[in-house]
Number of protein chains: 2
Amino acid sequence: MLRIDLRLRYPRDMPSTEPPPTRPLRRDAERNLQRIHAAARELFAERGFAVTLDDIAARAEVGVGTVYRRYPDKHALIDLLFEERMAQIVALFDAGLADPDPWRGLVSALEESLAPMVQDRGLWELMMSGDHGGDGVERGRVQLAPRMEQLVRRAQAAGAVRVDLEPSDLPLTLLALGALINATRDVAPDVWRRHLQLGLDGLRPDRRKPTPLPHEALTIDELGRAMRGSHHA
Amino acid sequence: MLRIDLRLRYPRDMPSTEPPPTRPLRRDAERNLQRIHAAARELFAERGFAVTLDDIAARAEVGVGTVYRRYPDKHALIDLLFEERMAQIVALFDAGLADPDPWRGLVSALEESLAPMVQDRGLWELMMSGDHGGDGVERGRVQLAPRMEQLVRRAQAAGAVRVDLEPSDLPLTLLALGALINATRDVAPDVWRRHLQLGLDGLRPDRRKPTPLPHEALTIDELGRAMRGSHHA
DNA sequence: CTGAAACGGAGTCAGCTTCTCCGGTTGATA
DNA sequence: TATCAACCGGAGAAGCTGACTCCGTTTCAG
């Protein structure tokens, strides 16, 4: 399925080697494009990447043809919409790195990069299963790794994190917490914070007493509903 | 899709109110039934419950009709094959409860109930997403909950586990680790033990130093492969 | 007003799984 | 070793779902 990268954005002011800036879209075309973007954002957030381009067209109140005219496939659309999201997350890690307190920086980066996944199933799938998105998203993913590593190393140097923790352990921890988020998002959208704290308490070199846990635990009933949901992707 | 529970096992010696013990299957029928079971077990383990009854028939070297004659749908087959597996896991928790050392009992129950999921994708799906299997499996799931609770309470009473941990936290932790297992099974089938330990260190009330981590961390390359795999269900 | 640009959405295609049907084969029984 | 009920096999019918196209119609720009 040949993929062509045709993002129809406004010409950016950069030294383009490209053909002359295609003249702006007709007004109706521009309006529809925005509608498609909005619809796609909503649907990806609600239902993940399993949605159909047909679904998106319906939500945008636009014909399928119109969507296919702009985007040869879902990948292009995903890549366009999520490149920015990825950049935001990278920025979060930079902010963590900038925090004078290495531990606090680590914790806040984790917290704030996990939080948006509760609202956005698409973002979750993007982070968890690697085979979505295109170059733009991939670029973000690549930038993330060294930042995580640095965050860990700096915290270790400060004595805030156990020394036997390796950088690759962090992404795996995030993956595990991501699964937890996915299972509980509809039942108790904040329990993941409790489990993040539990996990963090395992990362410290030593500890006198348990760090207080945020958020109540799931009730038995909530737990049942969380486990019964069908957690795909 | 009406589900009929027709397990064609040998008549059990129990005070049956049922019609007279259906006479044994013809020899070829019996042979095929065994083949189907074996094939199903293999395929569920390798590829999860997404496999088709047609796939199973092919692996069993039997016609599709033969499979459908025995099992109206996949559920019946899954339930039959996994009822026993569930019982084993319940037994594992009982064993943990029988351990004089509450902490060791807890740890070993977790370890040993997680371990088989590395080999058996089906078992993993069964534990993680609730909507597979039938009554037999469900019965197992129901028995599990109180045992987990007791395991936690007992360890807390002994001062081995932080007191703010609630029983519902345990299944969620298992769920998270399950996701980790699923992502890493093909790349490094044992890293999950490392992360279990990390998690366990978070459950203790206090701790002088980190418990040594079993197994090496993932290399960057392994991590990449783990995250790139498509982790379904 | 006119034609190029863009739209819409019914309809075609392709892939997949489920499940049936019945001519042919096999095993139990005498 | 003959008989027939039980059982097998697997082509293919039927149903679904999602991807994508095509062309008559509408809309905008100048």
# chains A, B, ... in the order shown; residues from 1 in each chain; ligands from 1
>>> closest_atom_pairs(of="chain C", to="chain A", cutoff="8 Å", atoms="only C-alpha atoms (C1' of nucleotides)", output="JSON lines")
{"residue": "C:DA5", "atom": "C1'", "partner": "A:Arg26", "partner_atom": "CA", "distance": 7.7}
{"residue": "C:DA6", "atom": "C1'", "partner": "A:Ala29", "partner_atom": "CA", "distance": 6.7}
{"residue": "C:DC7", "atom": "C1'", "partner": "A:Thr66", "partner_atom": "CA", "distance": 6.7}
{"residue": "C:DG8", "atom": "C1'", "partner": "A:Gly63", "partner_atom": "CA", "distance": 4.8}
{"residue": "C:DG9", "atom": "C1'", "partner": "A:Gly63", "partner_atom": "CA", "distance": 6.2}
>>> interface_residues(of="chain D", to="chain B", cutoff="9 Å", atoms="only C-alpha atoms (C1' of nucleotides)", output="PyMOL selection string")
chain D and resi 6-10
>>> write_last_selection(atoms="all heavy atoms", output="compact mmCIF listing (two decimals), in the first residue's frame")
# COMPACT_ATOMS: atom_id res chain seq x y z
P DA D 6 -26.16 -43.87 14.85
OP1 DA D 6 -26.42 -43.94 16.31
OP2 DA D 6 -26.93 -42.98 13.96
O5' DA D 6 -24.61 -43.57 14.65
C5' DA D 6 -23.67 -44.49 15.19
C4' DA D 6 -22.28 -44.01 14.86
O4' DA D 6 -22.03 -44.20 13.44
C3' DA D 6 -22.05 -42.52 15.14
O3' DA D 6 -20.83 -42.41 15.83
C2' DA D 6 -22.03 -41.89 13.75
C1' DA D 6 -21.48 -43.02 12.89
N9 DA D 6 -21.90 -42.99 11.49
C8 DA D 6 -23.17 -42.77 11.02
N7 DA D 6 -23.28 -42.82 9.71
C5 DA D 6 -21.98 -43.08 9.29
C6 DA D 6 -21.42 -43.26 8.00
N6 DA D 6 -22.13 -43.19 6.88
N1 DA D 6 -20.10 -43.51 7.93
C2 DA D 6 -19.39 -43.58 9.06
N3 DA D 6 -19.81 -43.44 10.33
C4 DA D 6 -21.14 -43.19 10.37
P DC D 7 -20.32 -41.01 16.36
OP1 DC D 7 -19.44 -41.25 17.53
OP2 DC D 7 -21.46 -40.07 16.44
O5' DC D 7 -19.40 -40.59 15.14
C5' DC D 7 -18.36 -41.47 14.74
C4' DC D 7 -17.67 -40.92 13.51
O4' DC D 7 -18.52 -41.14 12.36
C3' DC D 7 -17.37 -39.42 13.54
O3' DC D 7 -15.96 -39.27 13.53
C2' DC D 7 -18.04 -38.88 12.28
C1' DC D 7 -18.23 -40.13 11.43
N1 DC D 7 -19.34 -40.08 10.45
C2 DC D 7 -19.07 -40.27 9.10
O2 DC D 7 -17.91 -40.49 8.73
N3 DC D 7 -20.08 -40.19 8.21
C4 DC D 7 -21.33 -39.96 8.62
N4 DC D 7 -22.30 -39.90 7.70
C5 DC D 7 -21.64 -39.77 10.01
C6 DC D 7 -20.62 -39.84 10.88
P DC D 8 -15.35 -37.81 13.40
OP1 DC D 8 -14.07 -37.81 14.11
OP2 DC D 8 -16.37 -36.79 13.68
O5' DC D 8 -15.03 -37.80 11.85
C5' DC D 8 -14.25 -38.86 11.33
C4' DC D 8 -13.90 -38.61 9.89
O4' DC D 8 -15.11 -38.69 9.09
C3' DC D 8 -13.31 -37.22 9.64
O3' DC D 8 -12.12 -37.36 8.90
C2' DC D 8 -14.40 -36.47 8.87
C1' DC D 8 -15.20 -37.60 8.22
N1 DC D 8 -16.65 -37.30 8.10
C2 DC D 8 -17.23 -37.21 6.84
O2 DC D 8 -16.54 -37.36 5.84
N3 DC D 8 -18.57 -36.96 6.74
C4 DC D 8 -19.30 -36.81 7.84
N4 DC D 8 -20.61 -36.57 7.69
C5 DC D 8 -18.73 -36.89 9.14
C6 DC D 8 -17.41 -37.13 9.22
P DG D 9 -11.13 -36.12 8.88
OP1 DG D 9 -9.75 -36.64 8.79
OP2 DG D 9 -11.51 -35.19 9.95
O5' DG D 9 -11.51 -35.47 7.49
C5' DG D 9 -11.47 -36.29 6.34
C4' DG D 9 -11.89 -35.49 5.14
O4' DG D 9 -13.34 -35.33 5.15
C3' DG D 9 -11.31 -34.08 5.08
O3' DG D 9 -10.85 -33.87 3.76
C2' DG D 9 -12.48 -33.17 5.43
C1' DG D 9 -13.68 -33.98 4.97
N9 DG D 9 -14.89 -33.79 5.76
C8 DG D 9 -14.96 -33.65 7.13
N7 DG D 9 -16.18 -33.53 7.57
C5 DG D 9 -16.97 -33.60 6.42
C6 DG D 9 -18.38 -33.54 6.28
O6 DG D 9 -19.23 -33.41 7.17
N1 DG D 9 -18.77 -33.65 4.94
C2 DG D 9 -17.90 -33.80 3.88
N2 DG D 9 -18.46 -33.89 2.68
N3 DG D 9 -16.57 -33.86 4.02
C4 DG D 9 -16.19 -33.75 5.31
P DG D 10 -9.64 -32.89 3.54
OP1 DG D 10 -8.70 -33.66 2.71
OP2 DG D 10 -9.22 -32.28 4.81
O5' DG D 10 -10.29 -31.76 2.63
C5' DG D 10 -11.19 -32.12 1.59
C4' DG D 10 -12.14 -30.98 1.36
O4' DG D 10 -13.24 -31.07 2.29
C3' DG D 10 -11.51 -29.59 1.60
O3' DG D 10 -12.04 -28.70 0.65
C2' DG D 10 -12.01 -29.24 2.98
C1' DG D 10 -13.42 -29.79 2.86
N9 DG D 10 -14.15 -29.93 4.09
C8 DG D 10 -13.66 -29.94 5.38
N7 DG D 10 -14.60 -30.06 6.29
C5 DG D 10 -15.78 -30.13 5.55
C6 DG D 10 -17.13 -30.25 5.98
O6 DG D 10 -17.56 -30.34 7.13
N1 DG D 10 -18.02 -30.30 4.91
C2 DG D 10 -17.65 -30.21 3.60
N2 DG D 10 -18.64 -30.26 2.71
N3 DG D 10 -16.40 -30.10 3.18
C4 DG D 10 -15.52 -30.06 4.21
>>> closest_residue(among="B:Ala50, B:Ala157, B:Val90, B:Gln34", to="chain A", atoms="only C-alpha atoms")
B:Ala50
>>> interface_residues(of="chain A", to="chain B", cutoff="6 Å", atoms="only C-alpha atoms", output="ChimeraX atom specification")
/A:129-130,168,176-177,179-180,198-199,201-202,205-210,218,227-228,230-233
